[in-house]
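Shown next, in structure tokens, is the structure this report addresses.
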Amino acid sequence: MADRPYTLLSCGMSLDGYLDNPGTTRLTLSNDDDFDRVDSVRSGCDAIMVGAATIRNDNPRLLVRAAHRRADRVVRGCSPTPVKVTVTATGDLDPAAQFFTAGDADKLVYCPEDSAATVRRRLGAVATVVELTPPLQMCQIGADLTARGIGRLMVEGGGRLHTQFLTADLADELQLVVAPLFVGDSRAPRFVLDGKFPWNAGRRAELADVRRIGDVVLLRYALSARYDAERLPG
Ligand SMILES: NC(=O)c1ccc[n+]([C@@H]2O[C@H](COP(=O)([O-])OP(=O)(O)OC[C@H]3O[C@@H](n4cnc5c(N)ncnc54)[C@H](OP(=O)(O)O)[C@@H]3O)[C@@H](O)[C@H]2O)c1
């Protein structure tokens, strides 16, 4: 058995590489057809992960929206929607956030040992809090998710999370949607932060698929030998 789940990073960005507006107003980058594609990808995964800042900023539900997809999952012996996963050092998360309240799937909150008491006090009633040895790394989370039977993980951002998975070479696939607009403000969160990425001028990533979806384009990159070409999104 692999020591981490098949890991698929999913992200929408502006033409200038931003994930959102600066501040707290949420920017819609994608379109309805692409949201439906993302729903389909979600429905094929065992767990969906976002960073704590994404929960604070976007208050996402992270559910499979289409009833037929939820029903298909149940037929396959899965919960109607995937397990939800997040990570926080501060524990600054509202237990009333939709991440915790929407849907019946299990919720996992990873945190470093030194903040576990705070995080458990705040979120222990609405999620399973898992403490890990600091500095907390995505490979620890991957190993723990594997031990919990998670075979396929979808990481939906934000940029700080994507950066850690990519720089640690822990991603098998990237589904990047480019929206036809500019944000034009460097205070906005970017797709990735600075870092040493395994893909660079000397080692280019493999572009596995390109698909136009209305006014956005989906770029699909194979990032490891485990890349699952059979599972086309949408
Ligand atoms: N366009 C898209 O597809 C998309 C998708 C998702 C999000 N977004 C946008 O992205 C923005 C948020 O992205 P972001 O990069 O600022 O943040 P993020 O990746 O969502 O979350 C970062 C936070 O996660 C926690 N965290 C991450 N790595 C950790 C580690 N190794 N150990 C402990 N805690 C860790 C920390 O939480 P604490 O601060 O609580 O310690 C950190 O502040 C939002 O504006 C959101 O709207 C866009």
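Just remember, in the structure tokens the first chain shown is A, the second B, etc., residues are 1-based per chain, and ligands are 1-based in the order shown.
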
7 Å shell around ligand 1 using only C-alpha atoms and all ligand atoms, listed as a PyMOL selection string: chain A and resi 10-13+19-21+26+29+50-55+57-58+87-93+111-112+135-138+156-162+189-190

Selection near A:Asp106, 9 Å with only C-alpha atoms, sequence-local residues under 6 positions removed, as a list in words: Pro82, Val83, Lys84, Val85, Phe100, Ala127 and Thr128 of chain A

Would you mind exporting N, CA, C and O atoms of the selected residues as an mmCIF file, in the first residue's frame?
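Ended up saving to selection_6.cif:
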data_model
loop_
_atom_site.group_PDB
_atom_site.id
_atom_site.type_symbol
_atom_site.label_atom_id
_atom_site.label_comp_id
_atom_site.auth_asym_id
_atom_site.auth_seq_id
_atom_site.Cartn_x
_atom_site.Cartn_y
_atom_site.Cartn_z
ATOM 1 N N PRO A 82 -17.438 13.142 0.462
ATOM 2 C CA PRO A 82 -16.138 12.746 1.013
ATOM 3 C C PRO A 82 -15.869 13.328 2.400
ATOM 4 O O PRO A 82 -16.450 14.337 2.801
ATOM 5 N N VAL A 83 -14.960 12.693 3.087
ATOM 6 C CA VAL A 83 -14.448 13.200 4.364
ATOM 7 C C VAL A 83 -13.847 14.591 4.120
ATOM 8 O O VAL A 83 -13.230 14.833 3.083
ATOM 9 N N LYS A 84 -14.053 15.512 5.074
ATOM 10 C CA LYS A 84 -13.470 16.851 4.943
ATOM 11 C C LYS A 84 -12.233 16.951 5.842
ATOM 12 O O LYS A 84 -12.264 16.489 6.991
ATOM 13 N N VAL A 85 -11.207 17.581 5.302
ATOM 14 C CA VAL A 85 -9.927 17.643 6.012
ATOM 15 C C VAL A 85 -9.418 19.088 5.995
ATOM 16 O O VAL A 85 -9.488 19.761 4.961
ATOM 17 N N PHE A 100 -17.807 22.479 9.047
ATOM 18 C CA PHE A 100 -18.143 21.589 10.160
ATOM 19 C C PHE A 100 -19.628 21.221 10.193
ATOM 20 O O PHE A 100 -19.987 20.131 10.627
ATOM 21 N N ALA A 127 -15.446 17.960 15.187
ATOM 22 C CA ALA A 127 -14.473 17.319 14.288
ATOM 23 C C ALA A 127 -13.558 16.406 15.096
ATOM 24 O O ALA A 127 -13.470 16.518 16.320
ATOM 25 N N THR A 128 -12.877 15.522 14.371
ATOM 26 C CA THR A 128 -11.814 14.736 14.991
ATOM 27 C C THR A 128 -10.521 15.534 14.876
ATOM 28 O O THR A 128 -10.099 15.863 13.756
#

Who sits within 7 Å of A:Ser14, only C-alpha atoms, same chain under 3 positions skipped, as a tab-separated table (two decimals) with all heavy atoms, in the first residue's frame:
chain	number	residue	atom	x	y	z
A	17	GLY	N	-2.57	34.70	-12.20
A	17	GLY	CA	-2.11	33.71	-11.21
A	17	GLY	C	-2.65	33.87	-9.80
A	17	GLY	O	-2.09	33.30	-8.87
A	18	TYR	N	-3.75	34.62	-9.66
A	18	TYR	CA	-4.31	34.80	-8.32
A	18	TYR	C	-5.52	33.90	-8.09
A	18	TYR	O	-6.27	33.56	-9.02
A	18	TYR	CB	-4.72	36.27	-8.11
A	18	TYR	CG	-3.54	37.18	-8.03
A	18	TYR	CD1	-3.20	38.00	-9.11
A	18	TYR	CD2	-2.73	37.21	-6.90
A	18	TYR	CE1	-2.09	38.84	-9.04
A	18	TYR	CE2	-1.62	38.04	-6.83
A	18	TYR	CZ	-1.31	38.85	-7.90
A	18	TYR	OH	-0.21	39.67	-7.84
A	19	LEU	N	-5.71	33.55	-6.82
A	19	LEU	CA	-6.81	32.65	-6.42
A	19	LEU	C	-8.07	33.40	-6.05
A	19	LEU	O	-9.14	32.81	-5.94
A	19	LEU	CB	-6.40	31.86	-5.18
A	19	LEU	CG	-5.28	30.85	-5.30
A	19	LEU	CD1	-5.00	30.21	-3.94
A	19	LEU	CD2	-5.65	29.79	-6.32
A	29	LEU	N	-14.19	32.69	-10.03
A	29	LEU	CA	-13.28	32.55	-11.17
A	29	LEU	C	-13.86	31.62	-12.22
A	29	LEU	O	-13.62	31.78	-13.40
A	29	LEU	CB	-11.94	31.99	-10.68
A	29	LEU	CG	-11.08	32.98	-9.90
A	29	LEU	CD1	-10.08	32.25	-9.03
A	29	LEU	CD2	-10.35	33.91	-10.87
A	178	VAL	N	-7.95	28.13	-15.64
A	178	VAL	CA	-7.56	29.52	-15.83
A	178	VAL	C	-8.78	30.31	-16.29
A	178	VAL	O	-9.41	29.98	-17.30
A	178	VAL	CB	-6.41	29.64	-16.85
A	178	VAL	CG1	-5.98	31.10	-17.00
A	178	VAL	CG2	-5.22	28.78	-16.42
A	179	ALA	N	-9.11	31.35	-15.52
A	179	ALA	CA	-10.29	32.17	-15.82
A	179	ALA	C	-9.86	33.42	-16.60
A	179	ALA	O	-8.76	33.94	-16.39
A	179	ALA	CB	-10.96	32.58	-14.50
A	180	PRO	N	-10.74	33.90	-17.47
A	180	PRO	CA	-10.34	35.00	-18.36
A	180	PRO	C	-10.47	36.37	-17.70
A	180	PRO	O	-11.24	37.22	-18.16
A	180	PRO	CB	-11.33	34.84	-19.52
A	180	PRO	CG	-12.56	34.31	-18.87
A	180	PRO	CD	-12.10	33.42	-17.76
A	181	LEU	N	-9.73	36.58	-16.64
A	181	LEU	CA	-9.77	37.88	-15.97
A	181	LEU	C	-8.47	38.09	-15.19
A	181	LEU	O	-7.76	37.14	-14.88
A	181	LEU	CB	-10.99	37.95	-15.02
A	181	LEU	CG	-11.08	36.87	-13.94
A	181	LEU	CD1	-10.44	37.32	-12.64
A	181	LEU	CD2	-12.54	36.51	-13.69
A	182	PHE	N	-8.20	39.35	-14.94
A	182	PHE	CA	-7.03	39.72	-14.14
A	182	PHE	C	-7.48	40.21	-12.77
A	182	PHE	O	-8.53	40.84	-12.66
A	182	PHE	CB	-6.24	40.84	-14.82
A	182	PHE	CG	-5.55	40.42	-16.09
A	182	PHE	CD1	-6.23	40.47	-17.30
A	182	PHE	CD2	-4.24	39.97	-16.07
A	182	PHE	CE1	-5.62	40.07	-18.48
A	182	PHE	CE2	-3.61	39.57	-17.25
A	182	PHE	CZ	-4.30	39.62	-18.46
A	183	VAL	N	-6.70	39.93	-11.77
A	183	VAL	CA	-6.95	40.49	-10.44
A	183	VAL	C	-6.13	41.78	-10.27
A	183	VAL	O	-6.63	42.81	-9.82
A	183	VAL	CB	-6.63	39.47	-9.33
A	183	VAL	CG1	-6.64	40.12	-7.95
A	183	VAL	CG2	-7.64	38.33	-9.39

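Nearest to A:Val217 of all the residues A:Leu15, A:Val192, A:Ala47, A:Met154 is A:Leu15, based on only C-alpha atoms.
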
DSSP helix (DSSP H, G or I) residues within stretch 38-226 of chain A, as a PyMOL selection string: chain A and resi 38-43+52-58+67-75+98-101+113-123+138-147+159-167

The selected residues should be written to file as a PDB file, in the first residue's frame (atoms: C-alpha atoms).
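So result.pdb came out as:
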ATOM      1  CA  VAL A  38     -15.417  19.940  -9.903  1.00  0.00           C
ATOM      2  CA  ASP A  39     -18.456  18.336  -8.282  1.00  0.00           C
ATOM      3  CA  SER A  40     -17.843  15.243 -10.383  1.00  0.00           C
ATOM      4  CA  VAL A  41     -14.176  15.130  -9.393  1.00  0.00           C
ATOM      5  CA  ARG A  42     -15.132  15.557  -5.729  1.00  0.00           C
ATOM      6  CA  SER A  43     -17.563  12.674  -5.967  1.00  0.00           C
ATOM      7  CA  ALA A  52      -7.816  26.969   7.426  1.00  0.00           C
ATOM      8  CA  ALA A  53      -7.590  30.370   5.699  1.00  0.00           C
ATOM      9  CA  THR A  54      -9.896  29.102   2.961  1.00  0.00           C
ATOM     10  CA  ILE A  55     -12.460  28.091   5.578  1.00  0.00           C
ATOM     11  CA  ARG A  56     -12.176  31.510   7.250  1.00  0.00           C
ATOM     12  CA  ASN A  57     -12.414  33.417   3.974  1.00  0.00           C
ATOM     13  CA  ASP A  58     -14.817  31.374   1.835  1.00  0.00           C
ATOM     14  CA  ALA A  67     -27.985  14.039  -5.836  1.00  0.00           C
ATOM     15  CA  HIS A  68     -27.199  11.343  -8.438  1.00  0.00           C
ATOM     16  CA  ARG A  69     -23.500  11.532  -7.567  1.00  0.00           C
ATOM     17  CA  ARG A  70     -24.221  11.216  -3.855  1.00  0.00           C
ATOM     18  CA  ALA A  71     -26.450   8.228  -4.631  1.00  0.00           C
ATOM     19  CA  ASP A  72     -23.700   6.636  -6.771  1.00  0.00           C
ATOM     20  CA  ARG A  73     -21.277   6.995  -3.890  1.00  0.00           C
ATOM     21  CA  VAL A  74     -23.673   5.245  -1.526  1.00  0.00           C
ATOM     22  CA  VAL A  75     -24.080   2.392  -4.045  1.00  0.00           C
ATOM     23  CA  GLN A  98     -20.106  25.212   7.017  1.00  0.00           C
ATOM     24  CA  PHE A  99     -17.015  23.020   6.801  1.00  0.00           C
ATOM     25  CA  PHE A 100     -18.143  21.589  10.160  1.00  0.00           C
ATOM     26  CA  THR A 101     -21.926  21.924   9.943  1.00  0.00           C
ATOM     27  CA  GLU A 113       0.918  18.973  19.125  1.00  0.00           C
ATOM     28  CA  ASP A 114       1.646  22.295  20.774  1.00  0.00           C
ATOM     29  CA  SER A 115      -1.729  23.776  19.790  1.00  0.00           C
ATOM     30  CA  ALA A 116      -3.763  20.577  20.119  1.00  0.00           C
ATOM     31  CA  ALA A 117      -5.343  21.484  23.466  1.00  0.00           C
ATOM     32  CA  THR A 118      -6.609  24.807  22.101  1.00  0.00           C
ATOM     33  CA  VAL A 119      -7.823  23.275  18.864  1.00  0.00           C
ATOM     34  CA  ARG A 120      -9.561  20.403  20.661  1.00  0.00           C
ATOM     35  CA  ARG A 121     -11.286  22.799  23.077  1.00  0.00           C
ATOM     36  CA  ARG A 122     -12.591  24.824  20.175  1.00  0.00           C
ATOM     37  CA  LEU A 123     -13.395  22.146  17.593  1.00  0.00           C
ATOM     38  CA  MET A 138       1.822  17.317   4.429  1.00  0.00           C
ATOM     39  CA  CYS A 139       3.525  13.895   4.297  1.00  0.00           C
ATOM     40  CA  GLN A 140       2.407  13.293   7.913  1.00  0.00           C
ATOM     41  CA  ILE A 141      -1.160  14.104   6.957  1.00  0.00           C
ATOM     42  CA  GLY A 142      -0.922  11.842   3.910  1.00  0.00           C
ATOM     43  CA  ALA A 143       0.316   8.949   6.029  1.00  0.00           C
ATOM     44  CA  ASP A 144      -2.439   9.441   8.601  1.00  0.00           C
ATOM     45  CA  LEU A 145      -5.126   9.677   5.900  1.00  0.00           C
ATOM     46  CA  THR A 146      -3.849   6.448   4.351  1.00  0.00           C
ATOM     47  CA  ALA A 147      -4.074   4.747   7.739  1.00  0.00           C
ATOM     48  CA  GLY A 159      -2.154  28.595  -2.124  1.00  0.00           C
ATOM     49  CA  ARG A 160      -0.273  27.846   1.067  1.00  0.00           C
ATOM     50  CA  LEU A 161      -1.561  24.295   0.949  1.00  0.00           C
ATOM     51  CA  HIS A 162      -0.853  23.841  -2.763  1.00  0.00           C
ATOM     52  CA  THR A 163       2.680  25.152  -2.242  1.00  0.00           C
ATOM     53  CA  GLN A 164       3.420  22.590   0.455  1.00  0.00           C
ATOM     54  CA  PHE A 165       2.089  19.621  -1.523  1.00  0.00           C
ATOM     55  CA  LEU A 166       3.924  20.702  -4.677  1.00  0.00           C
ATOM     56  CA  THR A 167       7.289  21.588  -3.127  1.00  0.00           C
TER      57      THR A 167
END

A:Val155, A:Asp46, A:Asn59, A:Asp228: which is nearest A:Thr81, counting only C-alpha atoms?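 Closest candidate: A:Asp46.
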
If you count only C-alpha atoms, which residues fall within 12 Å of A:Arg204, apart from same-chain ones fewer than 6 positions away, as a list in words?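 Final neighbour list, sorted by chain and number: Phe197, Pro198, Tyr221, Ala222 and Leu223 of chain A.
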
Would you mind telling me which residue in A:Ala188, A:Leu219, A:Val177, A:Asp194 lies nearest to A:Asn31 when using only C-alpha atoms? A:Val177

Pick the closest to A:Leu153 from A:Asp172, A:Ile48, A:Pro22, A:Asp16: which is it, counting only C-alpha atoms?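 The closest residue to A:Leu153 is A:Ile48.
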